[in-house]
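File shown here: run-v4.cif, holding mmCIF, C-alpha atoms; chains and numbers go by the auth columns.
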```cif
data_model
#
loop_
_atom_site.group_PDB
_atom_site.id
_atom_site.type_symbol
_atom_site.label_atom_id
_atom_site.label_comp_id
_atom_site.label_asym_id
_atom_site.label_seq_id
_atom_site.Cartn_x
_atom_site.Cartn_y
_atom_site.Cartn_z
_atom_site.B_iso_or_equiv
_atom_site.auth_seq_id
_atom_site.auth_asym_id
ATOM 1 C CA MET A 1 0.000 0.000 0.000 0.00 1 A
ATOM 2 C CA THR A 2 1.422 3.404 -0.958 0.00 2 A
ATOM 3 C CA ILE A 3 2.057 6.069 1.627 0.00 3 A
ATOM 4 C CA HIS A 4 -0.597 8.215 -0.101 0.00 4 A
ATOM 5 C CA ARG A 5 -3.281 5.641 0.621 0.00 5 A
ATOM 6 C CA SER A 6 -1.984 5.074 4.133 0.00 6 A
ATOM 7 C CA LEU A 7 -2.198 8.764 4.977 0.00 7 A
ATOM 8 C CA LEU A 8 -5.654 9.104 3.456 0.00 8 A
ATOM 9 C CA ILE A 9 -6.851 6.088 5.423 0.00 9 A
ATOM 10 C CA LEU A 10 -5.324 7.601 8.541 0.00 10 A
ATOM 11 C CA LEU A 11 -7.209 10.845 7.886 0.00 11 A
ATOM 12 C CA ALA A 12 -10.491 8.959 7.442 0.00 12 A
ATOM 13 C CA CYS A 13 -9.940 6.994 10.646 0.00 13 A
ATOM 14 C CA MET A 14 -9.069 10.148 12.556 0.00 14 A
ATOM 15 C CA MET A 15 -12.188 11.918 11.304 0.00 15 A
ATOM 16 C CA ILE A 16 -14.429 8.956 12.154 0.00 16 A
ATOM 17 C CA SER A 17 -12.947 8.489 15.608 0.00 17 A
ATOM 18 C CA ASN A 18 -13.231 12.206 16.289 0.00 18 A
ATOM 19 C CA THR A 19 -16.862 12.281 15.191 0.00 19 A
ATOM 20 C CA LEU A 20 -17.664 9.424 17.560 0.00 20 A
ATOM 21 C CA ALA A 21 -15.787 11.127 20.358 0.00 21 A
ATOM 22 C CA ALA A 22 -17.623 14.368 19.713 0.00 22 A
ATOM 23 C CA GLN A 23 -20.916 12.573 20.245 0.00 23 A
ATOM 24 C CA GLU A 24 -19.739 11.318 23.623 0.00 24 A
ATOM 25 C CA GLU A 25 -17.977 14.438 24.932 0.00 25 A
ATOM 26 C CA GLU A 26 -19.073 18.014 24.465 0.00 26 A
ATOM 27 C CA ALA A 27 -15.548 19.307 25.137 0.00 27 A
ATOM 28 C CA THR A 28 -14.372 18.050 21.734 0.00 28 A
ATOM 29 C CA THR A 29 -14.103 20.743 19.037 0.00 29 A
ATOM 30 C CA LEU A 30 -13.878 20.048 15.297 0.00 30 A
ATOM 31 C CA THR A 31 -13.197 22.374 12.366 0.00 31 A
ATOM 32 C CA THR A 32 -12.899 21.394 8.710 0.00 32 A
ATOM 33 C CA GLU A 33 -11.729 23.530 5.789 0.00 33 A
ATOM 34 C CA VAL A 34 -11.786 22.612 2.101 0.00 34 A
ATOM 35 C CA GLU A 35 -10.128 24.793 -0.545 0.00 35 A
ATOM 36 C CA LEU A 36 -10.423 24.355 -4.314 0.00 36 A
ATOM 37 C CA GLY A 37 -9.337 26.256 -7.405 0.00 37 A
ATOM 38 C CA ALA A 38 -9.242 25.300 -11.090 0.00 38 A
ATOM 39 C CA VAL A 39 -8.289 26.902 -14.416 0.00 39 A
ATOM 40 C CA ASN A 40 -9.097 25.552 -17.886 0.00 40 A
ATOM 41 C CA THR A 41 -8.009 27.200 -21.155 0.00 41 A
ATOM 42 C CA SER A 42 -8.597 26.179 -24.788 0.00 42 A
ATOM 43 C CA GLY A 43 -7.812 27.516 -28.230 0.00 43 A
ATOM 44 C CA ASN A 44 -4.167 28.232 -28.984 0.00 44 A
ATOM 45 C CA THR A 45 -3.249 26.747 -25.590 0.00 45 A
ATOM 46 C CA ASP A 46 -5.003 23.737 -24.120 0.00 46 A
ATOM 47 C CA ALA A 47 -4.199 23.738 -20.401 0.00 47 A
ATOM 48 C CA GLN A 48 -5.839 22.594 -17.201 0.00 48 A
ATOM 49 C CA SER A 49 -4.758 23.083 -13.618 0.00 49 A
ATOM 50 C CA ILE A 50 -6.317 22.308 -10.257 0.00 50 A
ATOM 51 C CA ASN A 51 -5.114 22.988 -6.760 0.00 51 A
ATOM 52 C CA PHE A 52 -6.867 21.724 -3.659 0.00 52 A
ATOM 53 C CA ARG A 53 -6.374 21.727 0.067 0.00 53 A
ATOM 54 C CA GLY A 54 -8.166 20.034 2.929 0.00 54 A
ATOM 55 C CA GLU A 55 -7.562 20.602 6.623 0.00 55 A
ATOM 56 C CA VAL A 56 -9.110 19.031 9.704 0.00 56 A
ATOM 57 C CA ASP A 57 -8.381 20.270 13.234 0.00 57 A
ATOM 58 C CA TRP A 58 -9.872 19.145 16.498 0.00 58 A
ATOM 59 C CA GLY A 59 -9.159 19.421 20.184 0.00 59 A
ATOM 60 C CA ARG A 60 -9.997 17.435 23.261 0.00 60 A
ATOM 61 C CA GLU A 61 -8.972 18.533 26.721 0.00 61 A
ATOM 62 C CA GLN A 62 -5.217 19.360 26.526 0.00 62 A
ATOM 63 C CA TRP A 63 -4.696 17.744 23.114 0.00 63 A
ATOM 64 C CA GLU A 64 -5.065 19.336 19.686 0.00 64 A
ATOM 65 C CA TYR A 65 -4.796 17.310 16.463 0.00 65 A
ATOM 66 C CA GLY A 66 -4.560 18.329 12.835 0.00 66 A
ATOM 67 C CA PHE A 67 -4.253 16.822 9.370 0.00 67 A
ATOM 68 C CA LEU A 68 -3.518 18.709 6.137 0.00 68 A
ATOM 69 C CA ILE A 69 -3.418 17.602 2.510 0.00 69 A
ATOM 70 C CA ASP A 70 -2.286 20.071 -0.154 0.00 70 A
ATOM 71 C CA GLY A 71 -2.192 19.157 -3.839 0.00 71 A
ATOM 72 C CA LEU A 72 -1.484 20.643 -7.250 0.00 72 A
ATOM 73 C CA ARG A 73 -1.916 19.144 -10.713 0.00 73 A
ATOM 74 C CA SER A 74 -1.347 20.926 -14.022 0.00 74 A
ATOM 75 C CA SER A 75 -1.240 19.767 -17.643 0.00 75 A
ATOM 76 C CA GLN A 76 -0.657 21.534 -20.948 0.00 76 A
ATOM 77 C CA ASN A 77 -1.645 20.180 -24.361 0.00 77 A
ATOM 78 C CA GLY A 78 -2.325 16.809 -22.765 0.00 78 A
ATOM 79 C CA ILE A 79 1.108 16.555 -21.127 0.00 79 A
ATOM 80 C CA LEU A 80 1.449 16.565 -17.351 0.00 80 A
ATOM 81 C CA ALA A 81 3.409 19.680 -16.346 0.00 81 A
ATOM 82 C CA ALA A 82 3.214 19.617 -12.540 0.00 82 A
ATOM 83 C CA GLN A 83 1.989 17.280 -9.821 0.00 83 A
ATOM 84 C CA ARG A 84 2.576 17.699 -6.114 0.00 84 A
ATOM 85 C CA PHE A 85 1.039 16.244 -2.949 0.00 85 A
ATOM 86 C CA TYR A 86 1.942 17.399 0.557 0.00 86 A
ATOM 87 C CA TYR A 87 0.602 15.721 3.707 0.00 87 A
ATOM 88 C CA VAL A 88 1.057 16.920 7.286 0.00 88 A
ATOM 89 C CA GLY A 89 -0.233 15.385 10.512 0.00 89 A
ATOM 90 C CA ASN A 90 0.422 16.817 13.954 0.00 90 A
ATOM 91 C CA ALA A 91 -0.515 16.383 17.612 0.00 91 A
ATOM 92 C CA ASN A 92 -0.084 19.221 20.121 0.00 92 A
ATOM 93 C CA TYR A 93 -0.125 18.889 23.891 0.00 93 A
ATOM 94 C CA GLN A 94 -0.944 22.136 25.702 0.00 94 A
ATOM 95 C CA LEU A 95 1.463 22.842 28.563 0.00 95 A
ATOM 96 C CA ASP A 96 -0.397 26.006 29.520 0.00 96 A
ATOM 97 C CA GLU A 97 -2.508 28.691 27.878 0.00 97 A
ATOM 98 C CA ASN A 98 0.293 29.871 25.571 0.00 98 A
ATOM 99 C CA SER A 99 2.816 27.026 25.150 0.00 99 A
ATOM 100 C CA PHE A 100 2.681 23.490 23.766 0.00 100 A
ATOM 101 C CA ILE A 101 4.705 20.467 22.654 0.00 101 A
ATOM 102 C CA GLN A 102 4.180 19.343 19.056 0.00 102 A
ATOM 103 C CA SER A 103 4.874 16.075 17.270 0.00 103 A
ATOM 104 C CA ARG A 104 4.677 16.461 13.490 0.00 104 A
ATOM 105 C CA LEU A 105 4.880 14.052 10.531 0.00 105 A
ATOM 106 C CA ALA A 106 5.092 15.349 6.937 0.00 106 A
ATOM 107 C CA HIS A 107 5.404 13.700 3.524 0.00 107 A
ATOM 108 C CA GLU A 108 5.840 15.376 0.132 0.00 108 A
ATOM 109 C CA ASP A 109 5.628 13.796 -3.310 0.00 109 A
ATOM 110 C CA ASP A 110 6.581 16.291 -6.022 0.00 110 A
ATOM 111 C CA ARG A 111 6.929 14.547 -9.379 0.00 111 A
ATOM 112 C CA PHE A 112 8.927 17.342 -10.996 0.00 112 A
ATOM 113 C CA SER A 113 11.301 18.212 -8.133 0.00 113 A
ATOM 114 C CA GLY A 114 13.739 15.379 -8.880 0.00 114 A
ATOM 115 C CA TYR A 115 12.971 13.762 -5.536 0.00 115 A
ATOM 116 C CA ASP A 116 10.711 10.728 -5.485 0.00 116 A
ATOM 117 C CA SER A 117 9.603 11.739 -1.991 0.00 117 A
ATOM 118 C CA GLN A 118 10.726 13.544 1.153 0.00 118 A
ATOM 119 C CA SER A 119 9.387 12.677 4.605 0.00 119 A
ATOM 120 C CA ASP A 120 10.225 14.087 8.007 0.00 120 A
ATOM 121 C CA PHE A 121 9.296 13.784 11.671 0.00 121 A
ATOM 122 C CA THR A 122 9.894 16.569 14.191 0.00 122 A
ATOM 123 C CA LEU A 123 9.330 17.160 17.889 0.00 123 A
ATOM 124 C CA SER A 124 9.053 20.840 18.765 0.00 124 A
ATOM 125 C CA TYR A 125 8.250 23.366 21.455 0.00 125 A
ATOM 126 C CA GLY A 126 5.721 26.018 20.462 0.00 126 A
ATOM 127 C CA ARG A 127 4.369 29.199 21.938 0.00 127 A
ATOM 128 C CA SER A 128 1.601 31.671 21.105 0.00 128 A
ATOM 129 C CA LEU A 129 2.329 35.381 21.322 0.00 129 A
ATOM 130 C CA LEU A 130 0.333 38.614 21.031 0.00 130 A
ATOM 131 C CA GLY A 131 -2.314 37.245 23.375 0.00 131 A
ATOM 132 C CA GLY A 132 -3.246 40.792 24.341 0.00 132 A
ATOM 133 C CA ARG A 133 -4.197 41.700 20.753 0.00 133 A
ATOM 134 C CA PRO A 134 -7.808 40.711 19.981 0.00 134 A
ATOM 135 C CA ASN A 135 -7.261 40.815 16.203 0.00 135 A
ATOM 136 C CA MET A 136 -3.743 39.329 15.940 0.00 136 A
ATOM 137 C CA ASN A 137 -2.013 36.064 16.757 0.00 137 A
ATOM 138 C CA LEU A 138 1.584 34.909 16.348 0.00 138 A
ATOM 139 C CA THR A 139 2.737 31.340 16.948 0.00 139 A
ATOM 140 C CA TYR A 140 6.223 29.894 16.608 0.00 140 A
ATOM 141 C CA GLU A 141 7.629 26.348 16.802 0.00 141 A
ATOM 142 C CA ALA A 142 11.241 25.199 17.182 0.00 142 A
ATOM 143 C CA GLY A 143 12.455 21.620 17.379 0.00 143 A
ATOM 144 C CA ILE A 144 14.543 18.781 16.034 0.00 144 A
ATOM 145 C CA GLY A 145 13.712 15.880 13.770 0.00 145 A
ATOM 146 C CA TYR A 146 14.751 13.481 11.041 0.00 146 A
ATOM 147 C CA ARG A 147 14.238 13.658 7.270 0.00 147 A
ATOM 148 C CA ILE A 148 14.245 10.871 4.671 0.00 148 A
ATOM 149 C CA SER A 149 14.874 11.891 1.044 0.00 149 A
ATOM 150 C CA ARG A 150 14.357 9.437 -1.794 0.00 150 A
ATOM 151 C CA ILE A 151 15.626 10.157 -5.312 0.00 151 A
ATOM 152 C CA LYS A 152 14.028 9.033 -8.549 0.00 152 A
ATOM 153 C CA GLU A 153 15.670 5.867 -9.879 0.00 153 A
ATOM 154 C CA ARG A 154 17.004 7.456 -13.077 0.00 154 A
ATOM 155 C CA LEU A 155 18.644 10.236 -11.059 0.00 155 A
ATOM 156 C CA SER A 156 20.253 7.834 -8.582 0.00 156 A
ATOM 157 C CA GLN A 157 22.454 6.631 -11.432 0.00 157 A
ATOM 158 C CA ILE A 158 24.149 10.025 -11.832 0.00 158 A
ATOM 159 C CA ASN A 159 25.764 10.409 -8.408 0.00 159 A
ATOM 160 C CA PHE A 160 22.710 11.807 -6.621 0.00 160 A
ATOM 161 C CA ASN A 161 21.505 9.138 -4.223 0.00 161 A
ATOM 162 C CA ASP A 162 19.003 8.666 -1.409 0.00 162 A
ATOM 163 C CA PHE A 163 19.989 10.183 1.920 0.00 163 A
ATOM 164 C CA ASP A 164 18.708 10.512 5.497 0.00 164 A
ATOM 165 C CA GLU A 165 19.618 13.322 7.864 0.00 165 A
ATOM 166 C CA ALA A 166 18.926 14.930 11.215 0.00 166 A
ATOM 167 C CA MET A 167 17.308 18.343 10.931 0.00 167 A
ATOM 168 C CA PHE A 168 16.273 21.433 12.864 0.00 168 A
ATOM 169 C CA ARG A 169 12.883 23.044 12.203 0.00 169 A
ATOM 170 C CA LEU A 170 11.830 26.619 12.934 0.00 170 A
ATOM 171 C CA ALA A 171 8.361 27.794 11.904 0.00 171 A
ATOM 172 C CA GLY A 172 6.018 30.692 12.518 0.00 172 A
ATOM 173 C CA GLU A 173 2.428 31.654 11.718 0.00 173 A
ATOM 174 C CA TYR A 174 0.988 35.164 11.874 0.00 174 A
ATOM 175 C CA GLU A 175 -2.744 35.920 11.627 0.00 175 A
ATOM 176 C CA TRP A 176 -4.296 39.375 11.412 0.00 176 A
ATOM 177 C CA ASP A 177 -8.023 40.041 11.250 0.00 177 A
ATOM 178 C CA LEU A 178 -8.155 43.041 8.935 0.00 178 A
ATOM 179 C CA SER A 179 -11.918 43.369 9.432 0.00 179 A
ATOM 180 C CA GLU A 180 -14.901 41.236 10.355 0.00 180 A
ATOM 181 C CA SER A 181 -14.815 39.652 6.880 0.00 181 A
ATOM 182 C CA ALA A 182 -11.125 39.730 5.870 0.00 182 A
ATOM 183 C CA GLN A 183 -8.011 38.053 7.259 0.00 183 A
ATOM 184 C CA PHE A 184 -4.300 38.142 6.399 0.00 184 A
ATOM 185 C CA GLU A 185 -2.096 35.131 7.144 0.00 185 A
ATOM 186 C CA GLN A 186 1.649 34.573 6.791 0.00 186 A
ATOM 187 C CA THR A 187 3.436 31.278 7.433 0.00 187 A
ATOM 188 C CA LEU A 188 7.187 30.687 7.319 0.00 188 A
ATOM 189 C CA SER A 189 9.243 27.569 7.983 0.00 189 A
ATOM 190 C CA LEU A 190 12.897 26.591 7.782 0.00 190 A
ATOM 191 C CA GLU A 191 13.922 22.926 7.899 0.00 191 A
ATOM 192 C CA THR A 192 17.693 22.713 7.827 0.00 192 A
ATOM 193 C CA GLY A 193 19.742 19.497 7.755 0.00 193 A
ATOM 194 C CA LEU A 194 23.301 18.373 7.110 0.00 194 A
ATOM 195 C CA GLU A 195 22.574 17.615 3.441 0.00 195 A
ATOM 196 C CA THR A 196 19.907 20.120 2.409 0.00 196 A
ATOM 197 C CA SER A 197 17.654 22.855 3.760 0.00 197 A
ATOM 198 C CA ILE A 198 14.068 23.674 2.802 0.00 198 A
ATOM 199 C CA PHE A 199 12.427 27.078 3.209 0.00 199 A
ATOM 200 C CA ARG A 200 8.662 27.549 2.763 0.00 200 A
ATOM 201 C CA SER A 201 6.639 30.760 2.745 0.00 201 A
ATOM 202 C CA GLU A 202 2.931 31.351 2.166 0.00 202 A
ATOM 203 C CA SER A 203 1.137 34.697 2.220 0.00 203 A
ATOM 204 C CA SER A 204 -2.633 34.888 1.853 0.00 204 A
ATOM 205 C CA ILE A 205 -5.614 37.209 2.141 0.00 205 A
ATOM 206 C CA GLU A 206 -9.031 35.672 2.701 0.00 206 A
ATOM 207 C CA ALA A 207 -12.342 37.521 2.264 0.00 207 A
ATOM 208 C CA GLN A 208 -15.607 36.108 3.568 0.00 208 A
ATOM 209 C CA ILE A 209 -18.389 35.869 0.983 0.00 209 A
ATOM 210 C CA LEU A 210 -21.002 33.882 2.911 0.00 210 A
ATOM 211 C CA ASP A 211 -21.102 32.397 6.393 0.00 211 A
ATOM 212 C CA ASN A 212 -19.086 29.346 5.365 0.00 212 A
ATOM 213 C CA LEU A 213 -17.663 30.426 1.999 0.00 213 A
ATOM 214 C CA ALA A 214 -14.636 32.652 1.389 0.00 214 A
ATOM 215 C CA LEU A 215 -12.376 33.726 -1.473 0.00 215 A
ATOM 216 C CA ARG A 216 -8.640 33.329 -0.889 0.00 216 A
ATOM 217 C CA PHE A 217 -5.649 34.797 -2.732 0.00 217 A
ATOM 218 C CA SER A 218 -2.304 33.191 -1.878 0.00 218 A
ATOM 219 C CA ILE A 219 1.358 33.240 -2.898 0.00 219 A
ATOM 220 C CA PHE A 220 3.478 30.222 -2.008 0.00 220 A
ATOM 221 C CA ALA A 221 7.243 29.777 -2.394 0.00 221 A
ATOM 222 C CA LYS A 222 9.528 26.831 -1.645 0.00 222 A
ATOM 223 C CA HIS A 223 13.310 26.989 -1.830 0.00 223 A
ATOM 224 C CA GLN A 224 15.587 23.945 -1.426 0.00 224 A
ATOM 225 C CA THR A 225 19.332 24.440 -1.239 0.00 225 A
ATOM 226 C CA VAL A 226 20.356 21.104 -2.802 0.00 226 A
ATOM 227 C CA VAL A 227 18.448 19.692 -5.789 0.00 227 A
ATOM 228 C CA PRO A 228 19.311 17.223 -8.586 0.00 228 A
ATOM 229 C CA ALA A 229 21.067 18.586 -11.668 0.00 229 A
ATOM 230 C CA GLY A 230 18.714 20.292 -14.075 0.00 230 A
ATOM 231 C CA ARG A 231 16.183 21.201 -11.365 0.00 231 A
ATOM 232 C CA LYS A 232 15.519 24.691 -10.049 0.00 232 A
ATOM 233 C CA ASN A 233 15.984 25.486 -6.383 0.00 233 A
ATOM 234 C CA THR A 234 12.861 27.639 -6.058 0.00 234 A
ATOM 235 C CA ASP A 235 9.213 26.894 -6.885 0.00 235 A
ATOM 236 C CA THR A 236 6.402 29.449 -6.604 0.00 236 A
ATOM 237 C CA GLU A 237 2.617 29.203 -6.839 0.00 237 A
ATOM 238 C CA THR A 238 0.007 31.955 -7.066 0.00 238 A
ATOM 239 C CA ALA A 239 -3.612 30.907 -6.613 0.00 239 A
ATOM 240 C CA VAL A 240 -7.131 32.244 -6.208 0.00 240 A
ATOM 241 C CA THR A 241 -9.371 29.649 -4.558 0.00 241 A
ATOM 242 C CA PHE A 242 -12.733 29.183 -2.888 0.00 242 A
ATOM 243 C CA VAL A 243 -12.627 28.088 0.753 0.00 243 A
ATOM 244 C CA MET A 244 -15.476 26.250 2.500 0.00 244 A
ATOM 245 C CA ASN A 245 -15.583 25.976 6.297 0.00 245 A
ATOM 246 C CA PHE A 246 -17.603 23.427 8.245 0.00 246 A
#
```

Take the structure in the file and write it out as structure tokens.
Amino acid sequence: MTIHRSLLILLACMMISNTLAAQEEEATTLTTEVELGAVNTSGNTDAQSINFRGEVDWGREQWEYGFLIDGLRSSQNGILAAQRFYYVGNANYQLDENSFIQSRLAHEDDRFSGYDSQSDFTLSYGRSLLGGRPNMNLTYEAGIGYRISRIKERLSQINFNDFDEAMFRLAGEYEWDLSESAQFEQTLSLETGLETSIFRSESSIEAQILDNLALRFSIFAKHQTVVPAGRKNTDTETAVTFVMNF
């Protein structure tokens, strides 16, 4: 069974178990967010692209859990041009009102990055800041972990092989409620190891359209210091998507 199926099954099991728990205990909280955007062009250029994102978060007593899946698929004139899947699962244990311990597991499959897959596990300390600001929140996480990088078979034959490495992760998330119907969000993360380092940044503005429907504009960038020959170090994505909250 592929890791994609395993993670999706894990998400389904987590959602089912949480739903059952929510029926038994009122203290359980559950939020779900689904994001979808698509572009189709025809004529001189025949191109299709779709990007999607699903996120489930829930809490129970001192524990908070989350699962994220982020995907992109693009083709041009019938030829696949981009395909990426990114999965993240985490469990946070609240030490007090502002600080927590986080265990985090992530897996990325980017067909055009040169890597077959990259997976990592980290254990971090996190803290929430700006608690006195009603319309702002800043959270940071810092910890250590381990990353497994697997190279595509054809690339492993040209002196670029699989490798595993210890890593340090530093991440931050800033949220600012611009108004009752608009929110700005900025996330940054640095995952640095002995072999390679990965930097991710995402900036977004979200405007509420209906009670559970919003329009989101986002700019995402990923930079990796060491990549196979012929691959670029930096990837960027700009998207306009609809977001549904449940």

Please write as a PyMOL selection string the full residue list that the PyMOL selection byres ((chain A and resi 91) around 6) yields on this file. chain A and resi 64-65+90+92+102-103

Residue nearest Thr192 (chain A) - candidates A:Ala207, A:Val226, A:Leu215, A:Ala221, atoms counted: all atoms listed in the file: A:Val226

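Proximity to Trp58 (chain A) was assessed for A:Glu33, A:Glu191, A:Glu237, A:Asp70 counting only C-alpha atoms; the smallest distance is recorded for A:Glu33.
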
Once the PyMOL selection byres ((chain A and resi 171) around 10) has been applied to the shown file, what residues remain in the selection, as an MDAnalysis selection string? chainID A and resid 124 126 139:143 169:170 172:173 187:191 199:201

Output for the residues just chosen: C-alpha atoms as a PDB file, keeping the file's coordinate frame:
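Written out: out.pdb:
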```
ATOM      1  CA  SER A 124       9.053  20.840  18.765  1.00  0.00           C
ATOM      2  CA  GLY A 126       5.721  26.018  20.462  1.00  0.00           C
ATOM      3  CA  THR A 139       2.737  31.340  16.948  1.00  0.00           C
ATOM      4  CA  TYR A 140       6.223  29.894  16.608  1.00  0.00           C
ATOM      5  CA  GLU A 141       7.629  26.348  16.802  1.00  0.00           C
ATOM      6  CA  ALA A 142      11.241  25.199  17.182  1.00  0.00           C
ATOM      7  CA  GLY A 143      12.455  21.620  17.379  1.00  0.00           C
ATOM      8  CA  ARG A 169      12.883  23.044  12.203  1.00  0.00           C
ATOM      9  CA  LEU A 170      11.830  26.619  12.934  1.00  0.00           C
ATOM     10  CA  GLY A 172       6.018  30.692  12.518  1.00  0.00           C
ATOM     11  CA  GLU A 173       2.428  31.654  11.718  1.00  0.00           C
ATOM     12  CA  THR A 187       3.436  31.278   7.433  1.00  0.00           C
ATOM     13  CA  LEU A 188       7.187  30.687   7.319  1.00  0.00           C
ATOM     14  CA  SER A 189       9.243  27.569   7.983  1.00  0.00           C
ATOM     15  CA  LEU A 190      12.897  26.591   7.782  1.00  0.00           C
ATOM     16  CA  GLU A 191      13.922  22.926   7.899  1.00  0.00           C
ATOM     17  CA  PHE A 199      12.427  27.078   3.209  1.00  0.00           C
ATOM     18  CA  ARG A 200       8.662  27.549   2.763  1.00  0.00           C
ATOM     19  CA  SER A 201       6.639  30.760   2.745  1.00  0.00           C
TER      20      SER A 201
END
```

Name all residues at most 8 Å from Thr238 (chain A) (count only C-alpha atoms; drop same-chain ones fewer than 6 positions away) and give them as a PyMOL selection string. chain A and resi 217-220

Evaluated on this file, the PyMOL selection byres ((chain A and resi 112) around 12) picks out some residues - which ones are they, written as a list in words? Leu72, Arg73, Ser74, Leu80, Ala81, Ala82, Gln83, Arg84, Phe85, Glu108, Asp109, Asp110, Arg111, Ser113, Gly114, Tyr115, Asp116, Ser117, Ile151, Lys152, Val227, Pro228, Gly230, Arg231, Lys232, Asn233 and Asp235 of chain A

Could the residues in this selection be saved with C-alpha atoms as a PDB file, keeping the file's coordinate frame?
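Below you can see selection38.pdb, which holds the result:
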```pdb
ATOM      1  CA  LEU A  72      -1.484  20.643  -7.250  1.00  0.00           C
ATOM      2  CA  ARG A  73      -1.916  19.144 -10.713  1.00  0.00           C
ATOM      3  CA  SER A  74      -1.347  20.926 -14.022  1.00  0.00           C
ATOM      4  CA  LEU A  80       1.449  16.565 -17.351  1.00  0.00           C
ATOM      5  CA  ALA A  81       3.409  19.680 -16.346  1.00  0.00           C
ATOM      6  CA  ALA A  82       3.214  19.617 -12.540  1.00  0.00           C
ATOM      7  CA  GLN A  83       1.989  17.280  -9.821  1.00  0.00           C
ATOM      8  CA  ARG A  84       2.576  17.699  -6.114  1.00  0.00           C
ATOM      9  CA  PHE A  85       1.039  16.244  -2.949  1.00  0.00           C
ATOM     10  CA  GLU A 108       5.840  15.376   0.132  1.00  0.00           C
ATOM     11  CA  ASP A 109       5.628  13.796  -3.310  1.00  0.00           C
ATOM     12  CA  ASP A 110       6.581  16.291  -6.022  1.00  0.00           C
ATOM     13  CA  ARG A 111       6.929  14.547  -9.379  1.00  0.00           C
ATOM     14  CA  SER A 113      11.301  18.212  -8.133  1.00  0.00           C
ATOM     15  CA  GLY A 114      13.739  15.379  -8.880  1.00  0.00           C
ATOM     16  CA  TYR A 115      12.971  13.762  -5.536  1.00  0.00           C
ATOM     17  CA  ASP A 116      10.711  10.728  -5.485  1.00  0.00           C
ATOM     18  CA  SER A 117       9.603  11.739  -1.991  1.00  0.00           C
ATOM     19  CA  ILE A 151      15.626  10.157  -5.312  1.00  0.00           C
ATOM     20  CA  LYS A 152      14.028   9.033  -8.549  1.00  0.00           C
ATOM     21  CA  VAL A 227      18.448  19.692  -5.789  1.00  0.00           C
ATOM     22  CA  PRO A 228      19.311  17.223  -8.586  1.00  0.00           C
ATOM     23  CA  GLY A 230      18.714  20.292 -14.075  1.00  0.00           C
ATOM     24  CA  ARG A 231      16.183  21.201 -11.365  1.00  0.00           C
ATOM     25  CA  LYS A 232      15.519  24.691 -10.049  1.00  0.00           C
ATOM     26  CA  ASN A 233      15.984  25.486  -6.383  1.00  0.00           C
ATOM     27  CA  ASP A 235       9.213  26.894  -6.885  1.00  0.00           C
TER      28      ASP A 235
END
```

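When only C-alpha atoms are used to measure the gap to Ser42 (chain A), the shortest distance among A:Gly71, A:Asn161, A:Asn77, A:Asp120 belongs to A:Asn77.
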
For Leu178 (chain A), list every protein, DNA or RNA residue within 10 Å, evaluated using all atoms listed in the file, and leave out those in the same chain fewer than 3 positions away; present the list as a PDB file with C-alpha atoms, keeping the file's coordinate frame.
```
ATOM      1  CA  ASN A 135      -7.261  40.815  16.203  1.00  0.00           C
ATOM      2  CA  MET A 136      -3.743  39.329  15.940  1.00  0.00           C
ATOM      3  CA  GLU A 175      -2.744  35.920  11.627  1.00  0.00           C
ATOM      4  CA  SER A 181     -14.815  39.652   6.880  1.00  0.00           C
ATOM      5  CA  ALA A 182     -11.125  39.730   5.870  1.00  0.00           C
ATOM      6  CA  GLN A 183      -8.011  38.053   7.259  1.00  0.00           C
ATOM      7  CA  PHE A 184      -4.300  38.142   6.399  1.00  0.00           C
ATOM      8  CA  ILE A 205      -5.614  37.209   2.141  1.00  0.00           C
ATOM      9  CA  GLU A 206      -9.031  35.672   2.701  1.00  0.00           C
ATOM     10  CA  ALA A 207     -12.342  37.521   2.264  1.00  0.00           C
TER      11      ALA A 207
END
```

Kindly add N, CA and C atoms to the incomplete region 138-146 of chain A and provide the output as a short mmCIF file (atom, residue, chain, number, x, y, z; two decimals), keeping the file's coordinate frame.
```cif
data_model
loop_
_atom_site.label_atom_id
_atom_site.label_comp_id
_atom_site.auth_asym_id
_atom_site.auth_seq_id
_atom_site.Cartn_x
_atom_site.Cartn_y
_atom_site.Cartn_z
N LEU A 138 0.29 35.34 16.87
CA LEU A 138 1.58 34.91 16.35
C LEU A 138 2.01 33.66 17.10
N THR A 139 2.32 32.60 16.35
CA THR A 139 2.74 31.34 16.95
C THR A 139 4.06 30.91 16.32
N TYR A 140 4.97 30.42 17.14
CA TYR A 140 6.22 29.89 16.61
C TYR A 140 6.47 28.50 17.16
N GLU A 141 7.25 27.71 16.41
CA GLU A 141 7.63 26.35 16.80
C GLU A 141 9.11 26.16 16.50
N ALA A 142 9.82 25.49 17.39
CA ALA A 142 11.24 25.20 17.18
C ALA A 142 11.52 23.81 17.73
N GLY A 143 12.19 22.98 16.92
CA GLY A 143 12.46 21.62 17.38
C GLY A 143 13.41 20.88 16.46
N ILE A 144 13.62 19.63 16.79
CA ILE A 144 14.54 18.78 16.03
C ILE A 144 13.78 17.61 15.44
N GLY A 145 14.38 17.00 14.40
CA GLY A 145 13.71 15.88 13.77
C GLY A 145 14.63 15.12 12.84
N TYR A 146 14.01 14.35 11.96
CA TYR A 146 14.75 13.48 11.04
C TYR A 146 14.04 13.49 9.70
#
```
